[in-house]
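Enquirer: Contents of input24.txt (compact mmCIF, C-alpha atoms) are given next:
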```txt
# COMPACT_ATOMS: atom_id res chain seq x y z
CA MET A 1 -70.59 -19.61 8.54
CA SER A 2 -68.90 -22.59 10.14
CA ASP A 3 -65.15 -23.16 10.02
CA PRO A 4 -64.42 -25.96 7.48
CA ARG A 5 -61.16 -26.92 9.22
CA PRO A 6 -61.37 -30.01 11.43
CA ARG A 7 -61.13 -29.33 15.16
CA ARG A 8 -58.07 -30.73 16.88
CA PRO A 9 -58.81 -33.19 19.65
CA ARG A 10 -58.08 -31.79 23.11
CA LEU A 11 -56.60 -33.70 26.04
CA ASP A 12 -57.61 -33.05 29.61
CA PRO A 13 -54.96 -33.26 32.39
CA LEU A 14 -55.89 -36.84 33.31
CA ASP A 15 -55.41 -37.96 29.71
CA VAL A 16 -52.01 -36.21 29.60
CA LEU A 17 -50.97 -37.94 32.85
CA ALA A 18 -52.14 -41.33 31.55
CA LEU A 19 -50.10 -40.89 28.36
CA GLY A 20 -47.07 -39.80 30.37
CA VAL A 21 -47.22 -42.92 32.53
CA VAL A 22 -47.57 -45.34 29.60
CA GLY A 23 -43.88 -45.22 28.74
CA LEU A 24 -42.84 -45.71 32.34
CA ARG A 25 -45.17 -48.67 32.87
CA SER A 26 -43.93 -50.39 29.74
CA ARG A 27 -40.28 -50.18 30.90
CA PRO A 28 -40.44 -50.25 34.73
CA LEU A 29 -36.85 -51.37 35.38
CA ARG A 30 -35.38 -48.65 33.19
CA ALA A 31 -37.66 -46.08 34.83
CA ALA A 32 -36.66 -47.21 38.33
CA LEU A 33 -32.94 -47.05 37.54
CA SER A 34 -33.33 -43.61 35.97
CA ALA A 35 -35.21 -42.32 39.01
CA LEU A 36 -32.56 -43.75 41.36
CA GLY A 37 -30.09 -40.93 40.70
CA ILE A 38 -32.75 -38.34 41.47
CA ALA A 39 -33.77 -40.26 44.62
CA ILE A 40 -30.18 -40.37 45.89
CA GLY A 41 -29.70 -36.65 45.37
CA ILE A 42 -32.98 -35.68 47.02
CA ALA A 43 -32.40 -38.09 49.93
CA THR A 44 -28.96 -36.57 50.51
CA MET A 45 -30.41 -33.07 50.51
CA VAL A 46 -33.14 -34.00 53.00
CA VAL A 47 -30.64 -35.73 55.30
CA VAL A 48 -28.17 -32.82 55.11
CA VAL A 49 -30.93 -30.41 56.12
CA GLY A 50 -32.74 -32.73 58.54
CA ILE A 51 -29.79 -33.85 60.67
CA PRO A 52 -28.61 -30.31 61.55
CA ALA A 53 -32.24 -29.34 62.25
CA SER A 54 -32.56 -32.31 64.60
CA SER A 55 -29.27 -31.38 66.25
CA GLN A 56 -30.47 -27.81 66.72
CA GLN A 57 -33.72 -29.02 68.27
CA ALA A 58 -31.74 -31.23 70.65
CA LEU A 59 -29.51 -28.27 71.52
CA ASP A 60 -32.53 -26.07 72.23
CA ARG A 61 -33.94 -28.70 74.56
CA GLU A 62 -30.57 -29.18 76.23
CA LEU A 63 -30.09 -25.46 76.78
CA SER A 64 -33.65 -25.11 78.04
CA ALA A 65 -33.00 -27.87 80.55
CA LEU A 66 -29.60 -26.53 81.62
CA GLY A 67 -30.62 -22.89 81.57
CA THR A 68 -29.46 -20.15 79.23
CA ASN A 69 -29.23 -17.65 82.09
CA LEU A 70 -25.87 -18.85 83.41
CA LEU A 71 -22.90 -16.45 83.50
CA ARG A 72 -19.29 -17.29 84.25
CA ALA A 73 -16.68 -14.77 85.45
CA GLN A 74 -13.12 -16.12 85.42
CA ALA A 75 -9.91 -14.53 86.63
CA THR A 76 -7.23 -14.29 83.92
CA MET A 77 -3.49 -14.73 84.31
CA ASP A 78 -1.27 -11.65 84.49
CA GLU A 79 1.33 -12.01 81.71
CA ARG A 80 3.96 -10.09 83.70
CA THR A 81 3.64 -11.82 87.06
CA ASN A 82 2.18 -15.10 85.74
CA ALA A 83 -0.29 -15.01 88.61
CA LEU A 84 -4.03 -14.80 89.07
CA PRO A 85 -5.55 -11.70 90.70
CA PRO A 86 -6.52 -12.00 94.38
CA VAL A 87 -10.28 -12.03 93.88
CA PRO A 88 -12.06 -11.31 97.21
CA GLU A 89 -13.15 -14.46 98.98
CA GLN A 90 -16.72 -13.17 99.25
CA ALA A 91 -16.93 -12.26 95.56
CA ASP A 92 -19.82 -14.65 95.00
CA ALA A 93 -21.77 -13.00 97.82
CA MET A 94 -21.02 -9.60 96.22
CA VAL A 95 -22.34 -10.84 92.88
CA GLU A 96 -25.47 -12.21 94.52
CA ARG A 97 -26.32 -8.69 95.64
CA ILE A 98 -26.74 -7.56 92.00
CA GLY A 99 -30.48 -7.03 91.54
CA PRO A 100 -31.28 -9.45 88.65
CA VAL A 101 -28.94 -12.17 89.98
CA THR A 102 -30.89 -15.03 91.49
CA GLN A 103 -28.02 -17.30 92.53
CA ALA A 104 -24.21 -17.16 92.69
CA SER A 105 -21.42 -19.50 93.72
CA ALA A 106 -17.67 -19.89 93.38
CA ALA A 107 -14.88 -22.33 92.57
CA ALA A 108 -11.10 -22.07 92.75
CA THR A 109 -8.11 -23.87 91.31
CA THR A 110 -6.01 -25.27 94.15
CA HIS A 111 -2.97 -26.34 92.07
CA ALA A 112 -2.99 -29.64 93.96
CA GLN A 113 -2.00 -32.91 92.31
CA VAL A 114 -4.35 -35.88 92.25
CA ARG A 115 -3.29 -39.49 91.66
CA ARG A 116 -5.14 -42.78 91.82
CA THR A 117 -2.83 -44.12 94.54
CA ASP A 118 0.20 -42.98 96.51
CA LYS A 119 2.29 -45.57 94.61
CA ILE A 120 2.19 -43.48 91.43
CA PRO A 121 5.17 -41.07 91.18
CA PRO A 122 4.27 -37.35 91.38
CA GLU A 123 5.63 -36.73 87.88
CA GLN A 124 3.00 -39.15 86.54
CA SER A 125 -0.01 -37.25 87.81
CA SER A 126 -3.36 -37.56 86.06
CA GLY A 127 -3.31 -34.01 84.70
CA LEU A 128 -6.68 -33.32 86.32
CA THR A 129 -7.59 -30.09 88.11
CA VAL A 130 -8.47 -30.07 91.78
CA LEU A 131 -11.18 -27.45 92.38
CA ALA A 132 -12.29 -26.06 95.70
CA VAL A 133 -16.04 -25.48 95.44
CA ARG A 134 -18.81 -23.92 97.48
CA PRO A 135 -21.47 -26.39 98.65
CA ASP A 136 -24.13 -24.76 96.46
CA LEU A 137 -22.13 -24.86 93.18
CA LEU A 138 -23.49 -28.16 91.88
CA ARG A 139 -27.06 -27.05 92.53
CA LEU A 140 -26.41 -23.79 90.64
CA LEU A 141 -24.98 -25.71 87.65
CA ASP A 142 -27.89 -28.20 87.75
CA ALA A 143 -25.21 -30.89 87.83
CA GLU A 144 -26.54 -34.41 88.26
CA LEU A 145 -24.88 -37.26 90.12
CA VAL A 146 -24.65 -40.71 88.59
CA ALA A 147 -23.58 -42.10 91.94
CA GLY A 148 -23.12 -41.02 95.52
CA THR A 149 -23.80 -37.67 97.18
CA PRO A 150 -22.66 -34.08 96.52
CA ILE A 151 -20.44 -31.84 98.63
CA THR A 152 -22.63 -30.26 101.29
CA ARG A 153 -22.19 -27.87 104.18
CA GLU A 154 -21.94 -30.89 106.46
CA ASN A 155 -19.00 -32.53 104.66
CA GLU A 156 -17.22 -29.56 102.97
CA GLY A 157 -14.58 -29.54 105.70
CA LEU A 158 -13.88 -33.27 105.45
CA PRO A 159 -11.34 -34.96 103.11
CA VAL A 160 -13.97 -36.07 100.62
CA THR A 161 -14.27 -35.44 96.89
CA VAL A 162 -16.75 -35.56 94.03
CA LEU A 163 -15.38 -36.51 90.61
CA GLY A 164 -16.36 -34.91 87.33
CA ALA A 165 -17.39 -37.31 84.55
CA THR A 166 -14.07 -37.12 82.67
CA ALA A 167 -12.01 -37.17 85.87
CA ALA A 168 -13.82 -40.30 87.05
CA SER A 169 -13.09 -42.03 83.75
CA ARG A 170 -9.38 -41.14 83.86
CA LEU A 171 -9.04 -42.28 87.45
CA GLY A 172 -10.88 -45.53 86.74
CA ILE A 173 -13.64 -44.83 89.25
CA THR A 174 -16.91 -44.96 87.35
CA SER A 175 -19.25 -46.33 90.01
CA LEU A 176 -19.75 -46.49 93.77
CA PRO A 177 -21.14 -49.97 94.50
CA PRO A 178 -23.39 -49.94 97.58
CA GLY A 179 -22.20 -51.97 100.50
CA GLN A 180 -18.55 -51.71 99.47
CA PRO A 181 -15.86 -49.36 100.85
CA ALA A 182 -15.80 -46.05 99.00
CA PRO A 183 -12.76 -45.64 96.71
CA LYS A 184 -10.08 -43.08 97.56
CA VAL A 185 -7.73 -40.85 95.60
CA TRP A 186 -4.37 -39.40 96.63
CA ILE A 187 -4.39 -35.58 96.66
CA ASN A 188 -1.32 -33.70 97.88
CA ASN A 189 -0.08 -36.58 100.01
CA ARG A 190 -3.43 -37.28 101.61
CA TRP A 191 -6.23 -39.72 100.93
CA PHE A 192 -9.59 -38.24 99.94
CA THR A 193 -12.69 -40.41 99.89
CA VAL A 194 -14.79 -40.33 96.72
CA VAL A 195 -18.37 -39.68 97.80
CA GLY A 196 -19.92 -38.82 94.42
CA ILE A 197 -19.52 -39.02 90.64
CA LEU A 198 -21.04 -36.39 88.37
CA ALA A 199 -22.82 -36.85 85.06
CA ALA A 200 -21.63 -34.79 82.08
CA THR A 201 -21.86 -31.01 82.56
CA PRO A 202 -21.82 -29.63 78.99
CA LEU A 203 -22.13 -25.99 80.08
CA ASP A 204 -18.85 -26.23 81.99
CA PRO A 205 -16.38 -28.82 80.65
CA GLU A 206 -13.85 -27.72 83.28
CA VAL A 207 -16.00 -29.25 86.01
CA GLU A 208 -16.13 -32.50 84.00
CA ARG A 209 -12.32 -32.65 84.04
CA SER A 210 -11.96 -31.78 87.73
CA VAL A 211 -11.80 -33.38 91.13
CA LEU A 212 -14.01 -31.32 93.44
CA VAL A 213 -13.28 -30.80 97.13
CA GLY A 214 -15.04 -28.66 99.72
CA TRP A 215 -13.94 -25.05 100.25
CA GLU A 216 -12.98 -25.59 103.89
CA ALA A 217 -11.34 -28.96 103.16
CA ALA A 218 -9.13 -27.25 100.57
CA ARG A 219 -8.12 -24.69 103.18
CA THR A 220 -7.34 -27.35 105.76
CA TRP A 221 -5.65 -30.04 103.69
CA LEU A 222 -4.45 -28.41 100.44
CA GLY A 223 -3.08 -25.04 101.52
CA PHE A 224 -5.81 -23.15 99.64
CA ASP A 225 -5.69 -19.36 100.19
CA GLY A 226 -9.45 -18.83 99.84
CA HIS A 227 -9.39 -16.63 96.71
CA PRO A 228 -11.89 -17.87 94.10
CA THR A 229 -10.86 -18.06 90.44
CA VAL A 230 -14.31 -18.59 88.88
CA ILE A 231 -17.64 -17.03 89.86
CA TYR A 232 -20.89 -18.54 88.54
CA ALA A 233 -24.15 -16.62 88.51
CA ARG A 234 -27.69 -17.13 87.31
CA ALA A 235 -29.70 -14.05 86.48
CA VAL A 236 -33.09 -13.04 85.14
CA GLU A 237 -32.74 -13.69 81.41
CA GLU A 238 -34.13 -10.29 80.34
CA HIS A 239 -31.28 -8.56 82.23
CA LEU A 240 -28.53 -11.06 81.41
CA GLU A 241 -26.47 -8.69 79.23
CA SER A 242 -26.58 -5.88 81.77
CA VAL A 243 -25.46 -8.26 84.52
CA ARG A 244 -22.61 -9.51 82.35
CA ASP A 245 -21.48 -5.91 81.80
CA VAL A 246 -21.15 -5.18 85.54
CA LEU A 247 -19.89 -8.62 86.56
CA PRO A 248 -16.11 -7.97 86.18
CA ALA A 249 -16.24 -4.76 88.23
CA THR A 250 -18.28 -6.49 90.92
CA VAL A 251 -15.98 -9.52 91.16
CA TYR A 252 -12.69 -7.57 91.18
CA PRO A 253 -13.21 -3.80 91.58
CA GLU A 254 -9.45 -3.09 91.67
CA ASN A 255 -8.93 -4.16 88.05
CA PRO A 256 -12.07 -5.39 86.19
CA ALA A 257 -10.01 -6.02 83.04
CA ARG A 258 -8.52 -9.06 84.78
CA ILE A 259 -11.95 -10.75 84.86
CA LYS A 260 -13.45 -12.34 81.76
CA ALA A 261 -17.24 -12.69 81.81
CA SER A 262 -18.85 -15.21 79.46
CA ARG A 263 -22.07 -17.03 78.83
CA PRO A 264 -21.35 -20.80 78.60
CA SER A 265 -24.50 -21.49 76.59
CA ASP A 266 -23.13 -19.26 73.79
CA ALA A 267 -20.05 -21.45 73.48
CA LEU A 268 -22.12 -24.61 73.39
CA ALA A 269 -24.43 -23.14 70.76
CA ALA A 270 -21.45 -21.96 68.69
CA LYS A 271 -19.99 -25.46 68.77
CA ARG A 272 -23.21 -26.95 67.41
CA ILE A 273 -23.48 -24.21 64.77
CA ALA A 274 -19.98 -25.13 63.61
CA GLU A 275 -21.07 -28.75 63.31
CA THR A 276 -24.15 -27.62 61.33
CA THR A 277 -21.99 -25.53 59.00
CA PHE A 278 -19.75 -28.52 58.40
CA SER A 279 -22.80 -30.61 57.52
CA GLY A 280 -23.67 -28.02 54.89
CA LEU A 281 -20.58 -29.06 52.93
CA PHE A 282 -22.45 -32.21 51.94
CA LEU A 283 -24.93 -30.14 49.91
CA GLY A 284 -22.29 -30.09 47.15
CA PRO A 285 -22.28 -33.88 46.66
CA ALA A 286 -26.08 -33.83 46.84
CA ALA A 287 -26.23 -31.30 44.02
CA VAL A 288 -23.80 -33.40 41.97
CA ALA A 289 -25.97 -36.48 42.53
CA LEU A 290 -29.01 -34.52 41.34
CA LEU A 291 -27.13 -33.35 38.24
CA VAL A 292 -26.04 -36.88 37.41
CA GLY A 293 -29.59 -38.09 37.97
CA GLY A 294 -30.94 -35.38 35.66
CA VAL A 295 -28.49 -36.35 32.92
CA GLY A 296 -29.57 -39.97 33.34
CA VAL A 297 -33.23 -39.04 32.97
CA ALA A 298 -32.49 -36.96 29.87
CA ASN A 299 -30.58 -39.87 28.34
CA THR A 300 -33.46 -42.23 29.12
CA MET A 301 -35.97 -39.88 27.50
CA VAL A 302 -33.86 -39.49 24.33
CA ILE A 303 -33.62 -43.28 23.99
CA SER A 304 -37.36 -43.52 24.65
CA VAL A 305 -38.09 -41.12 21.79
CA LEU A 306 -35.87 -43.11 19.41
CA GLU A 307 -37.52 -46.39 20.40
CA ARG A 308 -41.06 -45.02 20.11
CA LYS A 309 -40.92 -43.25 16.75
CA ARG A 310 -43.63 -45.46 15.30
CA GLU A 311 -45.88 -44.67 18.27
CA VAL A 312 -45.28 -40.96 17.69
CA GLY A 313 -45.97 -41.34 13.95
CA LEU A 314 -49.20 -43.22 14.62
CA ARG A 315 -50.44 -40.60 17.06
CA ARG A 316 -49.56 -37.82 14.65
CA ALA A 317 -51.38 -39.63 11.80
CA LEU A 318 -54.44 -39.93 14.06
CA GLY A 319 -54.47 -36.17 14.60
CA ALA A 320 -52.23 -35.52 17.61
CA THR A 321 -50.60 -32.08 17.50
CA LYS A 322 -46.94 -31.27 18.04
CA GLY A 323 -47.90 -29.65 21.33
CA GLN A 324 -49.61 -32.81 22.53
CA ILE A 325 -46.54 -34.89 21.64
CA ARG A 326 -44.32 -32.44 23.51
CA THR A 327 -46.64 -32.50 26.50
CA GLN A 328 -46.69 -36.31 26.53
CA PHE A 329 -42.91 -36.73 26.72
CA LEU A 330 -42.43 -33.75 29.00
CA THR A 331 -45.04 -35.20 31.38
CA GLU A 332 -43.30 -38.56 31.26
CA SER A 333 -40.00 -36.95 32.27
CA VAL A 334 -41.58 -34.92 35.09
CA VAL A 335 -43.48 -37.96 36.44
CA LEU A 336 -40.29 -40.02 36.34
CA CYS A 337 -38.36 -37.39 38.33
CA LEU A 338 -41.28 -36.81 40.69
CA PHE A 339 -41.28 -40.53 41.47
CA GLY A 340 -37.55 -40.29 42.19
CA GLY A 341 -38.14 -37.19 44.33
CA LEU A 342 -40.84 -38.87 46.42
CA THR A 343 -38.61 -41.88 46.93
CA GLY A 344 -35.71 -39.61 47.86
CA VAL A 345 -37.79 -37.67 50.38
CA LEU A 346 -38.94 -40.90 52.04
CA LEU A 347 -35.36 -42.21 52.20
CA GLY A 348 -34.14 -38.86 53.55
CA VAL A 349 -36.80 -38.77 56.26
CA LEU A 350 -36.01 -42.37 57.20
CA GLY A 351 -32.26 -41.66 57.29
CA THR A 352 -32.79 -38.58 59.45
CA ALA A 353 -35.06 -40.51 61.83
CA VAL A 354 -32.58 -43.38 62.21
CA TYR A 355 -29.59 -41.07 62.81
CA SER A 356 -31.58 -38.96 65.28
CA ALA A 357 -32.65 -42.09 67.15
CA ILE A 358 -29.02 -43.22 67.41
CA LYS A 359 -28.05 -39.81 68.81
CA SER A 360 -31.17 -39.62 71.02
CA TRP A 361 -32.29 -36.47 69.23
CA PRO A 362 -35.81 -35.50 68.23
CA ALA A 363 -36.23 -36.21 64.50
CA VAL A 364 -36.87 -32.95 62.67
CA VAL A 365 -37.28 -32.62 58.90
CA PRO A 366 -38.09 -29.03 57.87
CA LEU A 367 -41.09 -28.73 55.58
CA ASP A 368 -39.14 -26.54 53.16
CA ALA A 369 -36.61 -29.36 52.73
CA THR A 370 -39.27 -31.83 51.60
CA LEU A 371 -41.11 -29.31 49.42
CA GLY A 372 -37.80 -28.09 48.03
CA GLY A 373 -36.77 -31.65 47.23
CA LEU A 374 -40.00 -32.37 45.38
CA GLY A 375 -39.84 -29.03 43.57
CA SER A 376 -36.23 -29.65 42.55
CA SER A 377 -37.09 -33.08 41.19
CA MET A 378 -39.94 -31.68 39.09
CA ALA A 379 -37.74 -28.85 37.79
CA ILE A 380 -35.03 -31.33 36.85
CA GLY A 381 -37.65 -33.48 35.14
CA ALA A 382 -38.86 -30.52 33.09
CA LEU A 383 -35.33 -29.55 32.06
CA ALA A 384 -34.26 -33.12 31.35
CA GLY A 385 -37.37 -33.83 29.26
CA LEU A 386 -37.44 -30.57 27.31
CA TYR A 387 -35.06 -31.55 24.50
CA PRO A 388 -36.44 -35.11 24.03
CA ALA A 389 -39.99 -33.69 23.98
CA ILE A 390 -39.08 -31.10 21.32
CA ARG A 391 -37.28 -33.75 19.30
CA ALA A 392 -40.30 -36.07 19.40
CA ALA A 393 -42.64 -33.24 18.35
CA ARG A 394 -40.52 -32.44 15.31
CA LEU A 395 -40.99 -35.92 13.84
CA THR A 396 -43.37 -35.92 10.89
CA PRO A 397 -45.92 -38.74 10.64
CA THR A 398 -44.29 -40.21 7.52
CA GLU A 399 -40.81 -40.05 9.01
CA ALA A 400 -41.93 -41.61 12.27
CA LEU A 401 -43.96 -44.41 10.67
CA ALA A 402 -41.07 -45.26 8.35
CA ALA A 403 -38.74 -45.82 11.32
CA PRO A 404 -37.61 -49.44 11.84
```
Will you turn the file into structure tokens for me?

Expert:
Amino acid sequence: MSDPRPRRPRLDPLDVLALGVVGLRSRPLRAALSALGIAIGIATMVVVVGIPASSQQALDRELSALGTNLLRAQATMDERTNALPPVPEQADAMVERIGPVTQASAAATTHAQVRRTDKIPPEQSSGLTVLAVRPDLLRLLDAELVAGTPITRENEGLPVTVLGATAASRLGITSLPPGQPAPKVWINNRWFTVVGILAATPLDPEVERSVLVGWEAARTWLGFDGHPTVIYARAVEEHLESVRDVLPATVYPENPARIKASRPSDALAAKRIAETTFSGLFLGPAAVALLVGGVGVANTMVISVLERKREVGLRRALGATKGQIRTQFLTESVVLCLFGGLTGVLLGVLGTAVYSAIKSWPAVVPLDATLGGLGSSMAIGALAGLYPAIRAARLTPTEALAAP
């Protein structure tokens, strides 16, 4: 026996999507303005995630280029005597005999004063450090020259100097024009010729702020006693921690506690992580923008229901069910927010790409950021459209058709 009740018409997904888009197409400006809040929030989220990811990628490349296998052992000041320990002059050679160590070198603070000219009073010194360095130090640090030549075994006994990037800027010597006399600086009452200028050395900012002279030149002209204050070593990365553990005892066996061993790449990575953490603070404003956007979409959908009562009444009179009315308005809200989410993702990717290009970083936008942005926009659309959809479904055909 057949069921005498009429069968309700069913809507396939394409029909539901078409109905959901009708309201948006009829009021495009309102739809665009409603989606703008969602777009701003999603774009902010993508940028906040993308920029730190790009920075991290740039850091990884930078560390890979500089080498993460660099160790630094520095003598520390004795609080009682206010003096540095007398590290053996051949400490770098001792370190180089450690099995996994592939290269070692040394530097020492000379306590000399450097000035641009001898006309500047001693009390107005530049505040820069004068370091005595081994000829192989710059090669170990992978330091690059922007001009001139490094300190070598041939000139380490001569009164010549290489300037770190910051030191060169403070002294006003940023280039070495070919064909012109090399500039000079006044160090401990003697002229030293500038033969080279270093590029930035991010793994050792101290070198950037220093004026470098040869080990033997420091002995001859600056009263240097020959005791190094910093030992640099590169080791096989798999054994880096074990080398760091034995480094203080190797450098200064008499009192290893006076030697501090560190890994410069850790400090550089920690600095970038701190910057990334700070960027995370902007997730709060992004969430607020999303909330405001969601409220705007909900308000738009409520107004849409009030304006389209007659449409709802007509559809109900033609046999549409409450569920189909709910689905129509809920779909409209989700489509509206999805449009805002797509726009926001595109703006976020563009913003990340532009900022990364300015910083000379690789542009990186994590996939979970884009998928999360789109998912968030759809979830907000569902929540924002839930009440208006239920309200529209509760309208009876007579009530809806009687609306002005």

Enquirer: Go through A:Ser105, A:Thr76, A:Thr193, A:Asn82 and flag the residue nearest Ala261 (chain A), using all atoms listed in the file for the distances.

Expert: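 Closest to Ala261 (chain A), using all atoms listed in the file: A:Thr76.
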
Enquirer: Report as JSON, numbers by chain all protein, DNA and RNA residues lying within 7 Å of region 54-58 of chain A, evaluated on only C-alpha atoms, omitting residues in the same chain fewer than 6 positions from it.

Expert: {"A": [356, 361, 362, 363, 364]}

Enquirer: Can you list, as a list of chain:residue names, every protein, DNA or RNA residue that comes within 10 Å of Leu330 (chain A) when you count all atoms listed in the file, leaving out same-chain residues fewer than 5 positions away?

Expert: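 Listing them by chain and then by number gives A:Val16, A:Gly20, A:Met301, A:Gln324, A:Ile325, A:Val335, A:Leu336, A:Gly381, A:Ala382, A:Leu383, A:Ala384, A:Gly385, A:Leu386, A:Tyr387, A:Pro388, A:Ala389, A:Ile390.
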
Enquirer: If I take CA of Met45 (chain A) and CA of Val349 (chain A), how far is one from the other in Å, to one decimal?

Expert: 10.3 Å

Enquirer: Do you know which residues are at most 12 Å from Asn255 (chain A) counting all atoms listed in the file, after dropping those on the same chain fewer than 2 positions away, and could you put them as a VMD selection string?

Expert: chain A and resid 75 to 76 78 84 to 87 247 to 253 257 to 260

Enquirer: For a quick check of understanding, using all atoms listed in the file, which of A:Leu140, A:Leu171, A:Ile303, A:Val130 has the smallest distance to Pro183 (chain A)?

Expert: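 Of all the options, A:Leu171 lies closest to Pro183 (chain A).
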
Enquirer: Please, what distance in Å, to one decimal, runs between CA of Leu291 (chain A) and CA of Ala369 (chain A)?

Expert: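 Taking CA of Leu291 (chain A) and CA of Ala369 (chain A), their separation equals 17.8 Å.
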